[in-house]
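Participant: Take this structure, written in structure tokens, and hold onto it; I'll ask about it next.
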Amino acid sequence: MAPQKPTTGEARTASPAAGGRQVWRRLLARRAARTAGLVIVLLALIAVAAPLLSALEGQDPTSYHNDLLDSAAGGVPTGTLGGVSTEHWLGVEPGTGRDVFSRLVHGAQISLLVAVGATLVQVTIGVLLGLAAALGSRLLDQLIGNTTEVMLALPSLVFAISLMAVVPSDFPRPLLLTLVIGLLGWAGTSRVVRAQTLSLRQLDYVAAARLAGASRWRIARRELLPSLAAPVITYAMVLLPSNVIAEAGLSFLGVGVKPPTSSWGQMLSGATTWFRADPMYVLLPSALLFATVLAFTVLGDAVRTELDPRAASRLRVGTADDTAAGPTGPATERPAEEATA
């Protein structure tokens, strides 16, 4: 269904803030979205307060506690559940004796910071190149389009591993992860923005701004970007859990965050040799990673549904059709069946 063409007056009098408040209220009315949002807020608070939480426990993520390991068993923590005690709330790491709780909360900082930072890089590059392709010349559109196709066809994991391996080890690894994931993942955002911009530039209020002498930059900033907010936010919510997994995967493969800096993927990489002797060391970072990805996925799906009016319209129309059809099929077929009888 083609989008409705608003007049210039309607475009000027519309209130984006009111629309944002309506979307916010609808999101709060969804139990799944509320739960996912609470999980994300809790994880963000844990990441921000990681130093305070470690100080409250009285531990830090880099100190070794060899006295809590059973050297005769190969370095397995002594005690139950990986050495859980009042001093070490979630036990200690096998082989090193570092505090697991402190490393988990500090790992949340790296995992969330890299995922959010990479998403911002992807969205920024994708929006700029998508707008340039849609509003620029045919040659520029073809150049950006070909580059986007190449980026989509690249084996991103192989290139990410290669880039992470050749960069000197003294370069900050969280920043490197953010840049590598962001620079290899902007192509999808660019295609979405280009397609939406080509559709929006045909509307009356954009044509009116063009006839009024507005520059392309002013049209993009004042007329197009507000309308692009919904699809861009929706796509960003899809990218976030993917970037969490990408950071964990690269750290798991040994090319991401290096010890003593902790991340959930790096902890899982070290836990692969201990899953039989100390299963808690594997389950704890896995559970946090699973909860984070699930929460972002559920919230992203709710945001997509609320920001896409066509999806809600399809749901309403489908419900009405199903109700009219009844248990015996479409209502339009009943008179023919009765006449035949």
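Residue numbers start at 1 in each chain; chains themselves are named A, B, ... in the order of the structure tokens; ligands are numbered from 1 in the order shown.
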Got a sec: who's within 10 Å of Pro285 of chain A, counting only C-alpha atoms, leaving out chain neighbours fewer than 6 positions off, as an NGL selection string?

Facilitator: :A and (100 or 103-104 or 107-108 or 263-268 or 271 or 291)

Participant: Among the residues of segment 8-141 of chain A, find those DSSP assigns to strand (DSSP E) from the backbone and print them as an NGL selection string.

Facilitator: :A and (69-70 or 76-77)

Participant: Write out as a PDB file with all heavy atoms, in the first residue's frame each polymer residue whose atoms come within 12 Å of Thr261 of chain A, counting only C-alpha atoms; drop sequence neighbours fewer than 4 positions from it.

Facilitator:
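What ended up in selection07.pdb:
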ATOM      1  N   ASP A  60      38.589  -7.952  43.213  1.00  0.00           N
ATOM      2  CA  ASP A  60      38.814  -7.284  41.942  1.00  0.00           C
ATOM      3  C   ASP A  60      38.993  -8.348  40.867  1.00  0.00           C
ATOM      4  O   ASP A  60      39.255  -9.516  41.177  1.00  0.00           O
ATOM      5  CB  ASP A  60      40.037  -6.363  42.004  1.00  0.00           C
ATOM      6  CG  ASP A  60      41.313  -7.124  42.272  1.00  0.00           C
ATOM      7  OD1 ASP A  60      41.879  -7.677  41.318  1.00  0.00           O
ATOM      8  OD2 ASP A  60      41.743  -7.168  43.439  1.00  0.00           O
ATOM      9  N   PRO A  61      38.858  -7.973  39.586  1.00  0.00           N
ATOM     10  CA  PRO A  61      38.842  -8.993  38.538  1.00  0.00           C
ATOM     11  C   PRO A  61      40.208  -9.522  38.123  1.00  0.00           C
ATOM     12  O   PRO A  61      40.281 -10.406  37.265  1.00  0.00           O
ATOM     13  CB  PRO A  61      38.173  -8.265  37.372  1.00  0.00           C
ATOM     14  CG  PRO A  61      38.505  -6.839  37.579  1.00  0.00           C
ATOM     15  CD  PRO A  61      38.528  -6.639  39.063  1.00  0.00           C
ATOM     16  N   THR A  62      41.296  -9.018  38.684  1.00  0.00           N
ATOM     17  CA  THR A  62      42.632  -9.426  38.224  1.00  0.00           C
ATOM     18  C   THR A  62      43.458 -10.154  39.272  1.00  0.00           C
ATOM     19  O   THR A  62      44.497 -10.716  38.933  1.00  0.00           O
ATOM     20  CB  THR A  62      43.413  -8.196  37.745  1.00  0.00           C
ATOM     21  OG1 THR A  62      43.517  -7.246  38.823  1.00  0.00           O
ATOM     22  CG2 THR A  62      42.711  -7.527  36.564  1.00  0.00           C
ATOM     23  N   SER A  63      43.044 -10.164  40.525  1.00  0.00           N
ATOM     24  CA  SER A  63      43.839 -10.788  41.583  1.00  0.00           C
ATOM     25  C   SER A  63      43.716 -12.311  41.533  1.00  0.00           C
ATOM     26  O   SER A  63      42.620 -12.846  41.341  1.00  0.00           O
ATOM     27  CB  SER A  63      43.388 -10.283  42.963  1.00  0.00           C
ATOM     28  OG  SER A  63      43.627  -8.902  43.086  1.00  0.00           O
ATOM     29  N   ARG A  98      40.867 -16.260  39.983  1.00  0.00           N
ATOM     30  CA  ARG A  98      40.292 -14.912  39.958  1.00  0.00           C
ATOM     31  C   ARG A  98      38.802 -14.962  40.266  1.00  0.00           C
ATOM     32  O   ARG A  98      38.122 -15.939  39.944  1.00  0.00           O
ATOM     33  CB  ARG A  98      40.530 -14.265  38.589  1.00  0.00           C
ATOM     34  CG  ARG A  98      41.986 -13.943  38.328  1.00  0.00           C
ATOM     35  CD  ARG A  98      42.225 -13.368  36.956  1.00  0.00           C
ATOM     36  NE  ARG A  98      41.947 -14.310  35.888  1.00  0.00           N
ATOM     37  CZ  ARG A  98      42.374 -14.170  34.636  1.00  0.00           C
ATOM     38  NH1 ARG A  98      43.088 -13.105  34.300  1.00  0.00           N
ATOM     39  NH2 ARG A  98      42.070 -15.066  33.721  1.00  0.00           N
ATOM     40  N   SER A 102      33.335 -10.665  40.082  1.00  0.00           N
ATOM     41  CA  SER A 102      33.965  -9.423  39.660  1.00  0.00           C
ATOM     42  C   SER A 102      34.249  -9.428  38.162  1.00  0.00           C
ATOM     43  O   SER A 102      34.048  -8.417  37.470  1.00  0.00           O
ATOM     44  CB  SER A 102      35.263  -9.206  40.442  1.00  0.00           C
ATOM     45  OG  SER A 102      35.869  -7.978  40.095  1.00  0.00           O
ATOM     46  N   ARG A 103      34.660 -10.565  37.632  1.00  0.00           N
ATOM     47  CA  ARG A 103      34.937 -10.642  36.199  1.00  0.00           C
ATOM     48  C   ARG A 103      33.652 -10.596  35.379  1.00  0.00           C
ATOM     49  O   ARG A 103      33.632 -10.081  34.263  1.00  0.00           O
ATOM     50  CB  ARG A 103      35.745 -11.899  35.888  1.00  0.00           C
ATOM     51  CG  ARG A 103      37.161 -11.843  36.430  1.00  0.00           C
ATOM     52  CD  ARG A 103      37.975 -13.039  36.029  1.00  0.00           C
ATOM     53  NE  ARG A 103      38.205 -13.093  34.588  1.00  0.00           N
ATOM     54  CZ  ARG A 103      39.093 -12.347  33.928  1.00  0.00           C
ATOM     55  NH1 ARG A 103      39.837 -11.466  34.584  1.00  0.00           N
ATOM     56  NH2 ARG A 103      39.245 -12.478  32.629  1.00  0.00           N
ATOM     57  N   LEU A 104      32.568 -11.135  35.902  1.00  0.00           N
ATOM     58  CA  LEU A 104      31.297 -11.088  35.190  1.00  0.00           C
ATOM     59  C   LEU A 104      30.772  -9.659  35.075  1.00  0.00           C
ATOM     60  O   LEU A 104      30.329  -9.234  34.006  1.00  0.00           O
ATOM     61  CB  LEU A 104      30.273 -11.975  35.878  1.00  0.00           C
ATOM     62  CG  LEU A 104      30.362 -13.480  35.634  1.00  0.00           C
ATOM     63  CD1 LEU A 104      29.359 -14.220  36.501  1.00  0.00           C
ATOM     64  CD2 LEU A 104      30.125 -13.807  34.168  1.00  0.00           C
ATOM     65  N   VAL A 105      30.796  -8.917  36.175  1.00  0.00           N
ATOM     66  CA  VAL A 105      30.244  -7.555  36.135  1.00  0.00           C
ATOM     67  C   VAL A 105      31.137  -6.635  35.320  1.00  0.00           C
ATOM     68  O   VAL A 105      30.649  -5.732  34.620  1.00  0.00           O
ATOM     69  CB  VAL A 105      30.024  -6.999  37.561  1.00  0.00           C
ATOM     70  CG1 VAL A 105      28.985  -7.823  38.295  1.00  0.00           C
ATOM     71  CG2 VAL A 105      31.323  -6.951  38.348  1.00  0.00           C
ATOM     72  N   HIS A 106      32.459  -6.844  35.361  1.00  0.00           N
ATOM     73  CA  HIS A 106      33.334  -6.045  34.509  1.00  0.00           C
ATOM     74  C   HIS A 106      33.224  -6.495  33.056  1.00  0.00           C
ATOM     75  O   HIS A 106      33.386  -5.671  32.134  1.00  0.00           O
ATOM     76  CB  HIS A 106      34.780  -6.146  34.980  1.00  0.00           C
ATOM     77  CG  HIS A 106      35.097  -5.283  36.164  1.00  0.00           C
ATOM     78  ND1 HIS A 106      34.808  -5.650  37.454  1.00  0.00           N
ATOM     79  CD2 HIS A 106      35.659  -4.038  36.234  1.00  0.00           C
ATOM     80  CE1 HIS A 106      35.182  -4.689  38.287  1.00  0.00           C
ATOM     81  NE2 HIS A 106      35.697  -3.698  37.579  1.00  0.00           N
ATOM     82  N   GLY A 107      32.955  -7.771  32.825  1.00  0.00           N
ATOM     83  CA  GLY A 107      32.735  -8.238  31.466  1.00  0.00           C
ATOM     84  C   GLY A 107      31.492  -7.650  30.838  1.00  0.00           C
ATOM     85  O   GLY A 107      31.427  -7.485  29.609  1.00  0.00           O
ATOM     86  N   ALA A 108      30.473  -7.338  31.660  1.00  0.00           N
ATOM     87  CA  ALA A 108      29.268  -6.699  31.138  1.00  0.00           C
ATOM     88  C   ALA A 108      29.603  -5.336  30.538  1.00  0.00           C
ATOM     89  O   ALA A 108      29.000  -4.921  29.539  1.00  0.00           O
ATOM     90  CB  ALA A 108      28.228  -6.561  32.243  1.00  0.00           C
ATOM     91  N   GLN A 109      30.571  -4.634  31.122  1.00  0.00           N
ATOM     92  CA  GLN A 109      30.978  -3.345  30.567  1.00  0.00           C
ATOM     93  C   GLN A 109      31.495  -3.499  29.145  1.00  0.00           C
ATOM     94  O   GLN A 109      31.080  -2.781  28.232  1.00  0.00           O
ATOM     95  CB  GLN A 109      32.075  -2.720  31.437  1.00  0.00           C
ATOM     96  CG  GLN A 109      31.606  -2.152  32.761  1.00  0.00           C
ATOM     97  CD  GLN A 109      32.738  -1.450  33.486  1.00  0.00           C
ATOM     98  OE1 GLN A 109      33.905  -1.817  33.347  1.00  0.00           O
ATOM     99  NE2 GLN A 109      32.416  -0.449  34.266  1.00  0.00           N
ATOM    100  N   ILE A 110      32.389  -4.462  28.947  1.00  0.00           N
ATOM    101  CA  ILE A 110      32.993  -4.644  27.626  1.00  0.00           C
ATOM    102  C   ILE A 110      31.946  -5.101  26.616  1.00  0.00           C
ATOM    103  O   ILE A 110      31.841  -4.558  25.503  1.00  0.00           O
ATOM    104  CB  ILE A 110      34.143  -5.658  27.709  1.00  0.00           C
ATOM    105  CG1 ILE A 110      35.213  -5.170  28.687  1.00  0.00           C
ATOM    106  CG2 ILE A 110      34.727  -5.908  26.334  1.00  0.00           C
ATOM    107  CD1 ILE A 110      35.858  -3.866  28.290  1.00  0.00           C
ATOM    108  N   SER A 111      31.150  -6.110  26.972  1.00  0.00           N
ATOM    109  CA  SER A 111      30.192  -6.669  26.026  1.00  0.00           C
ATOM    110  C   SER A 111      29.163  -5.641  25.592  1.00  0.00           C
ATOM    111  O   SER A 111      28.885  -5.492  24.389  1.00  0.00           O
ATOM    112  CB  SER A 111      29.498  -7.889  26.650  1.00  0.00           C
ATOM    113  OG  SER A 111      30.439  -8.908  26.929  1.00  0.00           O
ATOM    114  N   PRO A 172      44.000  -0.489  22.033  1.00  0.00           N
ATOM    115  CA  PRO A 172      42.905  -0.903  22.943  1.00  0.00           C
ATOM    116  C   PRO A 172      41.951  -1.871  22.256  1.00  0.00           C
ATOM    117  O   PRO A 172      41.315  -1.525  21.250  1.00  0.00           O
ATOM    118  CB  PRO A 172      42.225   0.430  23.287  1.00  0.00           C
ATOM    119  CG  PRO A 172      43.270   1.474  23.052  1.00  0.00           C
ATOM    120  CD  PRO A 172      44.097   0.977  21.919  1.00  0.00           C
ATOM    121  N   ARG A 173      41.819  -3.066  22.809  1.00  0.00           N
ATOM    122  CA  ARG A 173      41.030  -4.095  22.151  1.00  0.00           C
ATOM    123  C   ARG A 173      39.527  -3.775  22.120  1.00  0.00           C
ATOM    124  O   ARG A 173      38.871  -4.045  21.101  1.00  0.00           O
ATOM    125  CB  ARG A 173      41.258  -5.442  22.829  1.00  0.00           C
ATOM    126  CG  ARG A 173      42.703  -5.870  22.913  1.00  0.00           C
ATOM    127  CD  ARG A 173      43.399  -5.885  21.569  1.00  0.00           C
ATOM    128  NE  ARG A 173      43.013  -7.029  20.759  1.00  0.00           N
ATOM    129  CZ  ARG A 173      43.564  -7.352  19.614  1.00  0.00           C
ATOM    130  NH1 ARG A 173      44.538  -6.595  19.115  1.00  0.00           N
ATOM    131  NH2 ARG A 173      43.165  -8.410  18.936  1.00  0.00           N
ATOM    132  N   PRO A 174      38.934  -3.232  23.189  1.00  0.00           N
ATOM    133  CA  PRO A 174      37.508  -2.880  23.075  1.00  0.00           C
ATOM    134  C   PRO A 174      37.231  -1.869  21.960  1.00  0.00           C
ATOM    135  O   PRO A 174      36.251  -2.011  21.218  1.00  0.00           O
ATOM    136  CB  PRO A 174      37.174  -2.301  24.460  1.00  0.00           C
ATOM    137  CG  PRO A 174      38.168  -2.927  25.373  1.00  0.00           C
ATOM    138  CD  PRO A 174      39.427  -3.046  24.571  1.00  0.00           C
ATOM    139  N   SER A 251      35.949 -12.744  20.877  1.00  0.00           N
ATOM    140  CA  SER A 251      36.700 -12.969  22.116  1.00  0.00           C
ATOM    141  C   SER A 251      36.849 -14.459  22.399  1.00  0.00           C
ATOM    142  O   SER A 251      37.880 -14.908  22.900  1.00  0.00           O
ATOM    143  CB  SER A 251      35.998 -12.268  23.288  1.00  0.00           C
ATOM    144  OG  SER A 251      35.963 -10.870  23.101  1.00  0.00           O
ATOM    145  N   GLY A 256      39.734 -11.245  20.312  1.00  0.00           N
ATOM    146  CA  GLY A 256      39.035 -10.096  20.871  1.00  0.00           C
ATOM    147  C   GLY A 256      39.737  -9.572  22.113  1.00  0.00           C
ATOM    148  O   GLY A 256      40.936  -9.267  22.095  1.00  0.00           O
ATOM    149  N   VAL A 257      38.984  -9.460  23.186  1.00  0.00           N
ATOM    150  CA  VAL A 257      39.523  -8.950  24.448  1.00  0.00           C
ATOM    151  C   VAL A 257      40.533  -9.945  25.013  1.00  0.00           C
ATOM    152  O   VAL A 257      40.295 -11.146  25.048  1.00  0.00           O
ATOM    153  CB  VAL A 257      38.375  -8.698  25.449  1.00  0.00           C
ATOM    154  CG1 VAL A 257      38.929  -8.288  26.800  1.00  0.00           C
ATOM    155  CG2 VAL A 257      37.443  -7.625  24.907  1.00  0.00           C
ATOM    156  N   GLY A 265      32.640 -13.434  26.373  1.00  0.00           N
ATOM    157  CA  GLY A 265      33.182 -14.336  25.368  1.00  0.00           C
ATOM    158  C   GLY A 265      34.555 -14.849  25.744  1.00  0.00           C
ATOM    159  O   GLY A 265      34.871 -16.032  25.535  1.00  0.00           O
ATOM    160  N   GLN A 266      35.397 -13.981  26.316  1.00  0.00           N
ATOM    161  CA  GLN A 266      36.731 -14.409  26.736  1.00  0.00           C
ATOM    162  C   GLN A 266      36.646 -15.389  27.890  1.00  0.00           C
ATOM    163  O   GLN A 266      37.429 -16.344  27.971  1.00  0.00           O
ATOM    164  CB  GLN A 266      37.543 -13.171  27.109  1.00  0.00           C
ATOM    165  CG  GLN A 266      38.993 -13.441  27.433  1.00  0.00           C
ATOM    166  CD  GLN A 266      39.251 -13.552  28.912  1.00  0.00           C
ATOM    167  OE1 GLN A 266      38.587 -12.920  29.735  1.00  0.00           O
ATOM    168  NE2 GLN A 266      40.205 -14.381  29.249  1.00  0.00           N
ATOM    169  N   MET A 267      35.670 -15.207  28.791  1.00  0.00           N
ATOM    170  CA  MET A 267      35.476 -16.160  29.883  1.00  0.00           C
ATOM    171  C   MET A 267      35.024 -17.518  29.353  1.00  0.00           C
ATOM    172  O   MET A 267      35.471 -18.568  29.816  1.00  0.00           O
ATOM    173  CB  MET A 267      34.465 -15.608  30.891  1.00  0.00           C
ATOM    174  CG  MET A 267      34.947 -14.390  31.661  1.00  0.00           C
ATOM    175  SD  MET A 267      33.725 -13.779  32.850  1.00  0.00           S
ATOM    176  CE  MET A 267      33.736 -15.106  34.049  1.00  0.00           C
TER     177      MET A 267
END

Participant: Please identify the alpha helix (DSSP H) residues within segment 239-311 of chain A (assignment by DSSP from backbone atoms) and present them as a VMD selection string.

Facilitator: chain A and resid 239 to 252 264 to 271 279 to 307 309 to 311

Participant: With a distance cut-off of 7 Å and only C-alpha atoms, select the neighbouring residues of Gln59 of chain A, excluding the residue or stretch itself and same-chain residues fewer than 3 positions from it, and output the selection as a list in words.

Facilitator: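 In the requested format, the answer is Ser54, Ala55, Asp99 and Ser102 of chain A.
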
Participant: Compile the contact shell of segment 117-129 of chain A as a VMD selection string: residues with an atom at most 9 Å away, counting only C-alpha atoms, same-chain residues fewer than 4 positions apart removed.

Facilitator: chain A and resid 112 to 113 133 to 134 144 175 177 to 194 232 to 233 235 to 237 239 to 240 243

Participant: Report, in Å with one decimal, the straight-line distance from atom CA of Val244 of chain A to atom CA of Ala32 of chain A.

Facilitator: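 Going from atom CA of Val244 of chain A over to atom CA of Ala32 of chain A, I get 20.3 Å.
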